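Source file: model.cif; contents: mmCIF, C-alpha atoms.
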```cif
data_final
#
loop_
_atom_site.label_atom_id
_atom_site.label_comp_id
_atom_site.auth_asym_id
_atom_site.auth_seq_id
_atom_site.Cartn_x
_atom_site.Cartn_y
_atom_site.Cartn_z
CA MET A 1 167.16 237.54 -149.92
CA HIS A 2 169.09 237.36 -146.69
CA THR A 3 168.00 234.80 -144.11
CA THR A 4 168.87 235.35 -140.48
CA VAL A 5 169.57 232.19 -138.49
CA LYS A 6 168.13 232.51 -135.01
CA LYS A 7 170.48 231.21 -132.35
CA SER A 8 169.28 229.68 -129.12
CA PRO A 9 169.86 231.64 -125.89
CA LEU A 10 172.26 228.88 -124.79
CA ASN A 11 174.38 229.28 -127.93
CA VAL A 12 174.43 233.06 -127.56
CA LEU A 13 175.59 232.72 -123.96
CA LEU A 14 178.24 230.11 -124.80
CA ASN A 15 179.58 232.18 -127.70
CA ALA A 16 179.88 235.19 -125.45
CA VAL A 17 181.83 233.33 -122.79
CA LEU A 18 183.75 230.59 -124.62
CA GLU A 19 185.38 229.91 -127.95
CA PRO A 20 183.28 227.42 -130.02
CA ARG A 21 185.74 224.53 -129.46
CA ASP A 22 185.79 225.18 -125.71
CA ALA A 23 182.00 225.40 -125.65
CA ASP A 24 181.74 222.12 -127.59
CA PHE A 25 183.90 220.40 -125.00
CA TRP A 26 181.39 221.19 -122.25
CA LEU A 27 178.28 220.68 -124.37
CA GLN A 28 179.45 217.21 -125.36
CA LYS A 29 179.78 216.26 -121.71
CA ILE A 30 175.98 216.45 -121.71
CA ASN A 31 175.25 215.12 -125.20
CA PRO A 32 178.05 214.02 -127.58
CA LEU A 33 176.13 215.36 -130.60
CA TRP A 34 175.71 218.87 -129.19
CA SER A 35 177.91 221.52 -130.76
CA VAL A 36 177.91 225.26 -131.32
CA GLU A 37 178.66 224.90 -135.04
CA GLN A 38 180.22 221.50 -135.85
CA ALA A 39 178.36 218.98 -138.00
CA LEU A 40 178.63 215.68 -136.11
CA GLY A 41 177.45 212.12 -136.61
CA LYS A 42 177.20 209.38 -134.01
CA ILE A 43 177.63 205.77 -135.07
CA VAL A 44 174.41 204.01 -134.04
CA HIS A 45 174.78 200.84 -136.10
CA LYS A 46 177.36 199.11 -138.27
CA ASP A 47 176.87 196.33 -140.76
CA GLN A 48 179.12 194.15 -142.93
CA THR A 49 178.22 195.20 -146.48
CA ALA A 50 180.87 193.23 -148.36
CA GLN A 51 184.32 191.76 -147.86
CA ASP A 52 186.47 194.42 -146.13
CA THR A 53 183.53 196.83 -146.33
CA LEU A 54 181.35 198.18 -143.52
CA SER A 55 178.33 200.47 -143.60
CA PHE A 56 177.84 202.78 -140.62
CA THR A 57 174.48 204.32 -139.77
CA LEU A 58 175.16 207.80 -138.40
CA GLN A 59 172.74 209.89 -136.36
CA VAL A 60 173.53 213.48 -137.35
CA ASN A 61 173.04 216.72 -135.45
CA LYS A 62 171.27 219.89 -136.62
CA HIS A 63 174.42 221.40 -138.14
CA PHE A 64 174.79 218.61 -140.69
CA GLN A 65 173.91 219.61 -144.26
CA MET A 66 172.93 216.66 -146.41
CA GLY A 67 174.25 216.94 -149.93
CA GLU A 68 172.46 215.93 -153.09
CA ALA A 69 172.52 212.26 -154.04
CA GLY A 70 175.93 211.46 -155.55
CA GLN A 71 177.82 214.22 -153.74
CA HIS A 72 180.65 213.67 -151.24
CA HIS A 73 181.28 214.78 -147.68
CA PRO A 74 184.57 215.25 -145.85
CA VAL A 75 184.79 212.95 -142.83
CA PHE A 76 187.25 213.81 -140.06
CA VAL A 77 188.64 211.25 -137.62
CA VAL A 78 191.42 211.32 -135.04
CA VAL A 79 193.81 208.35 -135.16
CA ASN A 80 196.59 208.19 -132.56
CA GLY A 81 196.16 211.88 -131.84
CA VAL A 82 196.39 212.96 -135.49
CA ARG A 83 193.33 214.46 -137.23
CA TYR A 84 192.71 213.11 -140.74
CA GLU A 85 190.27 214.15 -143.45
CA ARG A 86 188.92 211.73 -146.03
CA THR A 87 186.04 211.96 -148.49
CA TYR A 88 183.08 209.60 -148.69
CA SER A 89 179.73 209.52 -150.45
CA LEU A 90 176.88 209.41 -147.92
CA SER A 91 173.35 208.13 -148.49
CA LYS A 92 170.36 209.68 -146.79
CA ILE A 93 168.28 207.33 -144.63
CA ASP A 94 165.97 209.95 -143.11
CA ASP A 95 166.22 213.51 -141.80
CA LYS A 96 168.34 212.41 -138.84
CA HIS A 97 170.36 209.49 -140.22
CA VAL A 98 172.80 208.86 -143.07
CA LEU A 99 174.72 205.82 -144.28
CA LEU A 100 178.52 205.89 -144.51
CA THR A 101 180.03 202.96 -146.41
CA VAL A 102 183.78 202.38 -146.15
CA LYS A 103 186.02 199.84 -147.91
CA LYS A 104 189.35 199.07 -146.31
CA VAL A 105 192.33 200.43 -148.22
CA VAL A 106 195.65 198.64 -147.79
CA GLY A 107 197.78 200.98 -145.71
CA GLY A 108 194.91 203.43 -145.30
CA LYS A 109 194.93 204.97 -141.82
CA VAL A 110 191.33 206.19 -141.84
CA SER A 111 189.64 203.23 -143.51
CA THR A 112 191.57 200.79 -141.29
CA TRP A 113 190.59 202.70 -138.15
CA LEU A 114 186.93 202.83 -139.18
CA LEU A 115 186.75 199.12 -140.00
CA GLU A 116 188.83 197.80 -137.13
CA GLN A 117 188.38 200.23 -134.26
CA ALA A 118 185.31 202.46 -134.70
CA GLN A 119 182.49 201.44 -132.38
CA VAL A 120 178.81 202.22 -131.94
CA GLY A 121 178.65 205.47 -129.98
CA ASP A 122 181.77 207.00 -131.55
CA ILE A 123 181.42 210.54 -132.92
CA LEU A 124 182.61 211.60 -136.38
CA GLU A 125 182.94 215.17 -137.62
CA LEU A 126 181.40 215.81 -141.04
CA GLY A 127 182.09 218.54 -143.59
CA GLN A 128 180.07 220.39 -146.22
CA PRO A 129 178.96 218.44 -149.32
CA PHE A 130 180.57 218.95 -152.72
CA GLY A 131 180.66 217.32 -156.13
CA GLU A 132 178.83 217.66 -159.45
CA MET A 133 177.87 214.05 -160.18
CA THR A 134 174.26 214.58 -159.16
CA LEU A 135 171.04 213.40 -160.77
CA PRO A 136 170.39 214.96 -164.20
CA LYS A 137 167.34 217.19 -164.51
CA THR A 138 166.10 215.20 -167.52
CA THR A 139 164.70 211.70 -167.90
CA ALA A 140 167.20 210.76 -170.62
CA PRO A 141 168.76 207.29 -170.19
CA LEU A 142 171.22 207.12 -167.29
CA VAL A 143 174.21 204.77 -167.33
CA LEU A 144 176.10 204.19 -164.08
CA LEU A 145 179.55 202.55 -164.23
CA ALA A 146 181.21 201.60 -160.95
CA ALA A 147 184.37 199.77 -159.97
CA GLY A 148 185.16 198.76 -156.39
CA SER A 149 184.17 201.37 -153.84
CA GLY A 150 183.04 203.64 -156.69
CA ILE A 151 179.67 202.00 -156.08
CA THR A 152 178.82 204.25 -153.11
CA PRO A 153 177.78 207.40 -155.05
CA MET A 154 175.87 205.18 -157.49
CA TYR A 155 173.95 203.62 -154.62
CA SER A 156 173.05 207.09 -153.38
CA LEU A 157 171.84 208.13 -156.84
CA LEU A 158 169.74 204.99 -157.28
CA GLN A 159 168.27 205.26 -153.81
CA ASN A 160 167.11 208.79 -154.64
CA LEU A 161 165.62 207.66 -157.96
CA VAL A 162 163.66 204.98 -156.13
CA GLN A 163 162.51 207.25 -153.31
CA THR A 164 161.22 209.87 -155.77
CA GLN A 165 159.81 207.19 -158.13
CA GLN A 166 161.75 208.81 -160.98
CA ILE A 167 163.09 205.35 -161.76
CA THR A 168 159.68 204.43 -163.19
CA ASP A 169 160.08 207.10 -165.91
CA GLN A 170 163.77 206.73 -166.73
CA ASN A 171 165.87 203.93 -168.20
CA VAL A 172 168.77 203.29 -165.83
CA THR A 173 171.64 200.81 -166.30
CA LEU A 174 174.18 199.92 -163.60
CA LEU A 175 177.34 198.01 -164.51
CA TYR A 176 179.40 197.15 -161.43
CA TRP A 177 182.93 195.70 -161.60
CA VAL A 178 184.50 193.87 -158.63
CA LYS A 179 187.18 191.24 -158.22
CA THR A 180 184.87 188.62 -156.68
CA GLN A 181 181.23 188.46 -155.57
CA ALA A 182 182.39 188.76 -151.95
CA ASP A 183 183.70 192.25 -152.79
CA ALA A 184 180.34 193.51 -154.06
CA ALA A 185 178.27 195.81 -151.85
CA PHE A 186 174.48 196.38 -151.95
CA VAL A 187 173.98 193.54 -154.46
CA GLN A 188 170.75 192.24 -152.89
CA GLN A 189 169.27 195.73 -152.99
CA PHE A 190 170.27 196.23 -156.63
CA GLN A 191 168.78 192.86 -157.55
CA ALA A 192 165.56 193.69 -155.72
CA TRP A 193 165.25 197.02 -157.54
CA SER A 194 165.97 195.29 -160.85
CA ALA A 195 163.16 192.83 -160.19
CA GLN A 196 160.76 195.58 -159.11
CA TYR A 197 161.45 198.17 -161.82
CA SER A 198 161.50 197.13 -165.45
CA ASN A 199 163.41 200.33 -166.38
CA PHE A 200 166.39 199.37 -164.21
CA LYS A 201 169.04 196.97 -165.52
CA PHE A 202 171.82 195.71 -163.25
CA GLN A 203 174.84 193.57 -164.06
CA LEU A 204 177.62 192.49 -161.72
CA LEU A 205 180.94 191.77 -163.43
CA CYS A 206 183.55 189.78 -161.46
CA THR A 207 187.01 190.00 -163.01
CA GLN A 208 188.74 187.34 -160.89
CA GLU A 209 186.00 184.74 -160.46
CA ALA A 210 184.39 182.31 -162.89
CA PRO A 211 182.70 183.10 -165.16
CA GLN A 212 185.43 185.71 -165.42
CA ALA A 213 184.27 189.07 -166.75
CA ALA A 214 186.40 191.38 -168.85
CA ARG A 215 187.46 194.76 -167.57
CA LEU A 216 185.64 197.74 -169.04
CA ASN A 217 186.01 197.79 -172.84
CA ALA A 218 184.07 198.57 -176.03
CA GLU A 219 182.20 195.27 -175.90
CA HIS A 220 180.24 196.58 -172.91
CA LEU A 221 178.59 199.17 -175.15
CA ALA A 222 176.23 196.38 -176.22
CA LEU A 223 174.74 196.41 -172.71
CA VAL A 224 173.60 200.02 -173.09
CA ASP A 225 170.63 201.27 -175.11
CA HIS A 226 170.41 204.71 -176.78
CA LEU A 227 173.95 205.73 -175.81
CA GLU A 228 173.83 208.91 -177.92
CA GLN A 229 171.02 210.26 -175.72
CA ALA A 230 172.41 208.92 -172.43
CA THR A 231 174.12 210.52 -169.48
CA VAL A 232 177.01 208.33 -168.29
CA TYR A 233 178.52 208.54 -164.81
CA ALA A 234 181.61 206.51 -163.91
CA CYS A 235 183.41 206.18 -160.59
CA GLY A 236 186.39 204.01 -159.73
CA PRO A 237 190.20 204.03 -159.89
CA SER A 238 191.73 206.58 -162.25
CA GLY A 239 192.47 203.97 -164.92
CA PHE A 240 188.83 202.87 -164.90
CA ALA A 241 187.60 206.48 -165.12
CA LYS A 242 189.92 207.23 -168.05
CA GLN A 243 188.82 204.06 -169.87
CA ALA A 244 185.16 204.97 -169.34
CA GLU A 245 185.71 208.38 -170.95
CA GLN A 246 187.23 206.70 -174.01
CA VAL A 247 184.74 203.84 -174.39
CA PHE A 248 181.60 205.93 -173.78
CA SER A 249 182.76 209.04 -175.66
CA GLN A 250 179.65 208.94 -177.89
CA ALA A 251 177.31 209.53 -174.95
CA GLN A 252 175.35 212.78 -174.73
CA LEU A 253 177.26 213.50 -171.50
CA ILE A 254 179.93 211.59 -169.61
CA GLN A 255 181.23 212.53 -166.19
CA THR A 256 183.83 210.61 -164.21
CA GLU A 257 185.27 210.62 -160.71
CA ALA A 258 188.40 208.77 -159.64
CA PHE A 259 188.98 207.82 -156.01
CA SER A 260 192.57 206.64 -156.40
CA MET A 261 195.47 207.32 -158.69
CA SER A 262 197.00 204.79 -161.06
CA ALA A 263 200.50 203.58 -160.35
CA GLU A 264 203.39 205.68 -161.59
CA SER A 265 204.31 204.99 -165.19
CA SER A 266 207.79 203.62 -165.72
CA ALA A 267 207.98 205.89 -168.79
CA GLU A 268 207.91 208.87 -166.46
CA ALA A 269 210.98 208.06 -164.45
CA GLY A 270 213.18 210.83 -163.17
CA PHE A 271 212.93 213.80 -160.84
CA VAL A 272 212.10 217.49 -161.09
CA ASN A 273 212.58 220.51 -158.84
CA VAL A 274 209.57 222.28 -157.39
CA THR A 275 209.91 225.82 -156.08
CA LEU A 276 207.38 226.68 -153.34
CA THR A 277 207.12 230.46 -153.41
CA GLN A 278 205.23 230.97 -150.14
CA SER A 279 207.45 228.56 -148.20
CA ASN A 280 210.63 229.78 -149.91
CA LYS A 281 211.71 226.17 -150.48
CA VAL A 282 212.94 224.09 -153.40
CA VAL A 283 212.25 220.35 -153.22
CA THR A 284 212.97 217.46 -155.57
CA ILE A 285 210.07 215.13 -156.35
CA PRO A 286 209.57 212.17 -158.75
CA LYS A 287 207.82 212.60 -162.07
CA GLY A 288 204.56 210.71 -162.57
CA GLN A 289 203.50 210.79 -158.93
CA SER A 290 200.83 213.04 -157.41
CA ILE A 291 202.43 216.35 -156.41
CA LEU A 292 200.50 216.26 -153.13
CA VAL A 293 201.82 212.81 -152.23
CA SER A 294 205.34 213.81 -153.25
CA LEU A 295 205.27 216.89 -151.03
CA GLU A 296 203.88 214.89 -148.11
CA GLN A 297 206.77 212.48 -148.49
CA GLN A 298 209.05 215.50 -148.00
CA ASN A 299 207.21 216.25 -144.73
CA ILE A 300 205.42 219.21 -146.35
CA LYS A 301 201.72 219.28 -145.51
CA PRO A 302 199.74 221.30 -148.08
CA LYS A 303 196.07 221.97 -147.45
CA HIS A 304 193.95 219.27 -149.07
CA GLY A 305 190.62 217.51 -148.82
CA CYS A 306 189.19 214.82 -151.09
CA ARG A 307 192.47 213.74 -152.76
CA MET A 308 190.48 213.05 -155.94
CA GLY A 309 190.33 216.43 -157.68
CA ILE A 310 186.81 217.45 -156.72
CA CYS A 311 186.82 219.70 -153.66
CA ASN A 312 189.54 222.18 -154.82
CA LYS A 313 191.03 222.54 -151.33
CA CYS A 314 194.49 221.68 -152.64
CA ALA A 315 194.31 223.97 -155.67
CA CYS A 316 197.07 226.58 -156.01
CA ASN A 317 198.47 228.78 -158.74
CA LYS A 318 201.12 227.28 -161.02
CA ALA A 319 203.45 230.10 -162.09
CA GLU A 320 205.68 228.01 -164.37
CA GLY A 321 206.17 224.44 -165.52
CA SER A 322 204.42 221.48 -167.13
CA THR A 323 202.05 219.11 -165.34
CA LYS A 324 200.00 216.05 -166.24
CA ASN A 325 196.56 215.12 -164.91
CA ILE A 326 196.86 211.60 -163.50
CA ILE A 327 193.18 210.84 -164.08
CA ASN A 328 192.73 211.76 -167.74
CA GLY A 329 196.31 212.26 -168.99
CA ALA A 330 195.78 215.92 -169.94
CA GLN A 331 199.01 217.93 -169.99
CA ASN A 332 199.27 221.63 -169.18
CA ALA A 333 202.34 223.74 -169.81
CA GLU A 334 200.60 227.12 -169.63
CA PRO A 335 201.80 229.53 -166.92
CA GLY A 336 199.42 231.12 -164.44
CA ASN A 337 197.02 228.16 -164.27
CA LEU A 338 195.13 226.81 -161.26
CA LEU A 339 196.69 223.48 -160.29
CA LYS A 340 195.04 220.69 -158.30
CA ILE A 341 198.10 219.09 -156.77
CA CYS A 342 196.29 215.92 -155.63
CA VAL A 343 195.55 214.75 -159.20
CA ASN A 344 198.48 216.20 -161.13
CA SER A 345 202.08 215.10 -161.51
CA ALA A 346 205.09 217.20 -162.43
CA GLN A 347 206.47 216.81 -165.95
CA SER A 348 209.12 219.52 -165.62
CA ASP A 349 210.53 221.85 -162.98
CA LEU A 350 207.67 223.78 -161.38
CA ILE A 351 207.08 227.05 -159.58
CA ILE A 352 203.88 226.93 -157.52
CA ASP A 353 202.35 229.24 -154.93
CA LEU A 354 202.58 227.09 -151.81
#
```

Rendering of file as structure tokens:
Amino acid sequence: MHTTVKKSPLNVLLNAVLEPRDADFWLQKINPLWSVEQALGKIVHKDQTAQDTLSFTLQVNKHFQMGEAGQHHPVFVVVNGVRYERTYSLSKIDDKHVLLTVKKVVGGKVSTWLLEQAQVGDILELGQPFGEMTLPKTTAPLVLLAAGSGITPMYSLLQNLVQTQQITDQNVTLLYWVKTQADAAFVQQFQAWSAQYSNFKFQLLCTQEAPQAARLNAEHLALVDHLEQATVYACGPSGFAKQAEQVFSQAQLIQTEAFSMSAESSAEAGFVNVTLTQSNKVVTIPKGQSILVSLEQQNIKPKHGCRMGICNKCACNKAEGSTKNIINGAQNAEPGNLLKICVNSAQSDLIIDL
């Protein structure tokens, strides 16, 4: 069934006279959230959620499409005249407002700008939602594992469970690793939900503060009931995600997302040549490092989005060569494969369609 979207007379007129970007320029002189087609959010409130972490309440315009709980949205900002795209998990507040939570990343241009310079009234451009770590359709036990800023999609999932009252019919466990209590976001809300709903278990594990908790390992299986029937979601650095897949391998389903890559392994020292067929270039990059990062260091700017292997914007065809997935360690030497350059490193000379 085809649905026709009815445009306002003003939009029809503007489209006939101006390009969308030109029309937006004049529309936003009247109202900064007005746009012909851009999804925009205005910062209307910001709050300190944890150490080096802020939550921004965004008022969104009619073009914004809210994803399912647990999905991610591209967020575009302009820093010193350069437009950057980063990916964040948003939580729905109501039909006109969403919550964007950002933890400062050392050396991160976007997170630093948002935490140190973004002000109430600033406008952010938002992209279409993506990601498959959404709420299961069953009421089987749900286990949520989060490390650091990997808590944001888990918060969105839990918020949806509470809003729909599904949490009363489903056993849910949240294990949340941080360095110190000051680094933990949404803790009061998690504790309140834990007190209110007997089906929800929450445990905060601080790895650098007494009583010092261990990093994720097999001993944490004792905190989970009915693992064989459970769906397990894990989000955190790539090392955490890989460990979760190994420790919780007996779960009915396990799905992981990594928001940052582990450091380069010293066992993967050396360099390889990468032939870029579309650019007609050959560049030398280090083994063990993300191909995307390596190319950017050569002042080559491939198309990309989330930088965590979910959105597929950076995917290209690999004609020849061997690569290794930085998140799960999987190696691929088959020719003619689709390659996500943000989460793969080169293991041999490569030929890729870029």

Go through stretch 103-158 of chain A and flag each residue having an atom no more than 12 Å from stretch 43-67 of chain A; for those, report the closest pair of atoms plus their distance in Å to one decimal, using all atoms listed in the file, ordered by chain and rising number, as a Markdown table.
```
| residue | atom | partner | partner_atom | distance |
| --- | --- | --- | --- | --- |
| A:Lys103 | CA | A:Thr53 | CA | 4.2 |
| A:Lys104 | CA | A:Asp52 | CA | 5.5 |
| A:Val105 | CA | A:Asp52 | CA | 8.7 |
| A:Val106 | CA | A:Asp52 | CA | 10.2 |
| A:Ser111 | CA | A:Thr53 | CA | 9.3 |
| A:Thr112 | CA | A:Asp52 | CA | 9.5 |
| A:Trp113 | CA | A:Leu54 | CA | 11.6 |
| A:Leu114 | CA | A:Leu54 | CA | 8.5 |
| A:Leu115 | CA | A:Leu54 | CA | 6.5 |
| A:Glu116 | CA | A:Leu54 | CA | 9.8 |
| A:Gln117 | CA | A:Lys46 | CA | 11.8 |
| A:Ala118 | CA | A:Ile43 | CA | 8.4 |
| A:Gln119 | CA | A:Ile43 | CA | 7.0 |
| A:Val120 | CA | A:Ile43 | CA | 4.9 |
| A:Gly121 | CA | A:Ile43 | CA | 5.2 |
| A:Asp122 | CA | A:Ile43 | CA | 5.6 |
| A:Ile123 | CA | A:Ile43 | CA | 6.5 |
| A:Leu124 | CA | A:Ile43 | CA | 7.8 |
| A:Glu125 | CA | A:Phe64 | CA | 9.4 |
| A:Leu126 | CA | A:Phe64 | CA | 7.2 |
| A:Gly127 | CA | A:Phe64 | CA | 7.9 |
| A:Gln128 | CA | A:Gln65 | CA | 6.5 |
| A:Pro129 | CA | A:Gly67 | CA | 5.0 |
| A:Phe130 | CA | A:Gly67 | CA | 7.2 |
| A:Gly131 | CA | A:Gly67 | CA | 8.9 |
| A:Glu132 | CA | A:Gly67 | CA | 10.6 |
| A:Met133 | CA | A:Gly67 | CA | 11.2 |
| A:Thr134 | CA | A:Gly67 | CA | 9.5 |
| A:Leu135 | CA | A:Gly67 | CA | 11.8 |
| A:Gly148 | CA | A:Thr53 | CA | 10.4 |
| A:Ser149 | CA | A:Thr53 | CA | 8.8 |
| A:Ile151 | CA | A:Thr53 | CA | 11.7 |
| A:Thr152 | CA | A:Ser55 | CA | 10.2 |
| A:Pro153 | CA | A:Gly67 | CA | 11.4 |
| A:Ser156 | CA | A:Gly67 | CA | 10.5 |
| A:Leu157 | CA | A:Gly67 | CA | 11.5 |
```

* To do: Enter the distance from atom CA of A:Thr87 to atom CA of A:Gln163, in Å, rounded to one decimal.
  =>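 That distance, rounded to one decimal, is 24.5 Å.
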
Neighbour residues at most 7 Å from (190.7, 198.8, -173.4) (all atoms listed in the file) as a CSV table (one decimal) with C-alpha atoms, keeping the file's coordinate frame:
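Dumped to selection01.csv:
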```csv
chain,number,residue,atom,x,y,z
A,216,LEU,CA,185.6,197.7,-169.0
A,217,ASN,CA,186.0,197.8,-172.8
A,243,GLN,CA,188.8,204.1,-169.9
```

* How would you write as number ranges by chain the residues that get within 6 Å of (179.6, 213.2, -148.6) in the file's frame, counting all atoms listed in the file? -> A: 71-73, 88-90, 129

* Asked: Could you work out how far atom CA of A:Asp94 lies from atom CA of A:Leu27, giving the answer in Å with one decimal?
  ->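 So the two atoms, atom CA of A:Leu27 and atom CA of A:Asp94, lie 24.9 Å apart.
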
* Once the PyMOL selection byres ((chain A and resi 288-292) around 7) has been applied to the shown file, what residues remain in the selection, as a list in words? ->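 With the shown file as input, the PyMOL selection byres ((chain A and resi 288-292) around 7) matches Glu264, Ser265, Glu268, Pro286, Lys287, Val293, Ser294, Leu295, Glu296, Ile341, Cys342, Val343, Asn344, Ser345 and Ala346 of chain A.
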
* Restricting the calculation to all atoms listed in the file, which member of A:Ser35, A:Thr256, A:Gln347, A:Thr138 is positioned closest to A:Ala244? ->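 Result for the nearest residue to A:Ala244: A:Thr256.
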
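What separates atom CA of A:Gln166 from atom CA of A:Pro74 is a distance of 28.1 Å.
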
Set up a box along x, y and z of the file covering all listed atoms of stretch 48-62 of chain A, add 6 Å on every one of the six sides, and write the centre and edge lengths in Å to one decimal, as lines of an AutoDock Vina configuration file.
```
center_x = 178.9
center_y = 205.8
center_z = -141.9
size_x = 27.2
size_y = 40.1
size_z = 24.9
```

Residues returned when the PyMOL selection byres ((chain A and resi 146) around 7) runs on this file, as a JSON list (two decimals) with C-alpha atoms, keeping the file's coordinate frame:
```json
[["chain", "number", "residue", "atom", "x", "y", "z"],
["A", 144, "LEU", "CA", 176.10, 204.19, -164.08],
["A", 145, "LEU", "CA", 179.55, 202.55, -164.23],
["A", 147, "ALA", "CA", 184.37, 199.77, -159.97],
["A", 148, "GLY", "CA", 185.16, 198.76, -156.39],
["A", 150, "GLY", "CA", 183.04, 203.64, -156.69],
["A", 151, "ILE", "CA", 179.67, 202.00, -156.08],
["A", 175, "LEU", "CA", 177.34, 198.01, -164.51],
["A", 176, "TYR", "CA", 179.40, 197.15, -161.43],
["A", 177, "TRP", "CA", 182.93, 195.70, -161.60],
["A", 234, "ALA", "CA", 181.61, 206.51, -163.91],
["A", 235, "CYS", "CA", 183.41, 206.18, -160.59],
["A", 236, "GLY", "CA", 186.39, 204.01, -159.73]]
```

* Restricting the calculation to all atoms listed in the file, which member of A:Glu320, A:Glu85, A:Asp349, A:Asp24 is positioned closest to A:Gly108? -> A:Glu85

* What residues come out when you apply the PyMOL selection byres ((chain A and resi 254) around 9) to this file, written as a list of chain:residue names? ->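 Taken on the displayed file, the PyMOL selection byres ((chain A and resi 254) around 9) yields the residues A:Ala230, A:Thr231, A:Val232, A:Tyr233, A:Ala234, A:Ala244, A:Glu245, A:Phe248, A:Ser249, A:Gln250, A:Ala251, A:Gln252, A:Leu253, A:Gln255, A:Thr256.
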
Got a sec: who's within 10 Å of A:Asn171, counting all atoms listed in the file, leaving out chain neighbours fewer than 6 positions off, as a CSV table (one decimal) with C-alpha atoms, in the coordinates of the input?
```csv
chain,number,residue,atom,x,y,z
A,139,THR,CA,164.7,211.7,-167.9
A,140,ALA,CA,167.2,210.8,-170.6
A,141,PRO,CA,168.8,207.3,-170.2
A,142,LEU,CA,171.2,207.1,-167.3
A,143,VAL,CA,174.2,204.8,-167.3
A,197,TYR,CA,161.4,198.2,-161.8
A,198,SER,CA,161.5,197.1,-165.4
A,199,ASN,CA,163.4,200.3,-166.4
A,200,PHE,CA,166.4,199.4,-164.2
A,201,LYS,CA,169.0,197.0,-165.5
A,224,VAL,CA,173.6,200.0,-173.1
A,225,ASP,CA,170.6,201.3,-175.1
A,226,HIS,CA,170.4,204.7,-176.8
A,230,ALA,CA,172.4,208.9,-172.4
```

Do you know which residues are at most 12 Å from A:Asn280 counting only C-alpha atoms, after dropping those on the same chain fewer than 2 positions away, and could you put them as a PDB file with C-alpha atoms, in the frame of the given file?
```pdb
ATOM      1  CA  VAL A 274     209.570 222.280-157.390  1.00  0.00           C
ATOM      2  CA  THR A 275     209.910 225.820-156.080  1.00  0.00           C
ATOM      3  CA  LEU A 276     207.380 226.680-153.340  1.00  0.00           C
ATOM      4  CA  THR A 277     207.120 230.460-153.410  1.00  0.00           C
ATOM      5  CA  GLN A 278     205.230 230.970-150.140  1.00  0.00           C
ATOM      6  CA  VAL A 282     212.940 224.090-153.400  1.00  0.00           C
ATOM      7  CA  VAL A 283     212.250 220.350-153.220  1.00  0.00           C
ATOM      8  CA  ILE A 351     207.080 227.050-159.580  1.00  0.00           C
ATOM      9  CA  ILE A 352     203.880 226.930-157.520  1.00  0.00           C
ATOM     10  CA  ASP A 353     202.350 229.240-154.930  1.00  0.00           C
ATOM     11  CA  LEU A 354     202.580 227.090-151.810  1.00  0.00           C
TER      12      LEU A 354
END
```

* Identify, on the basis of all atoms listed in the file, every residue whose closest approach to A:Cys316 does not exceed 10 Å; exclude the query and any residue fewer than 2 positions from it along the same chain; express the result as a ChimeraX atom specification. => /A:302-303,312-314,318-319,336-341,352-354

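In terms of minimum interatomic distance to A:His220, A:Thr173 ranks closest within A:Ser322, A:Thr173, A:Gln208, A:Asn160, counting all atoms listed in the file.
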
* **Minimum-distance residue to A:Leu227, chosen among A:Ala258, A:Leu205, A:Ala213, A:Val172 (using all atoms listed in the file)** =>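 Of the candidates, the smallest distance to A:Leu227 is held by A:Val172.
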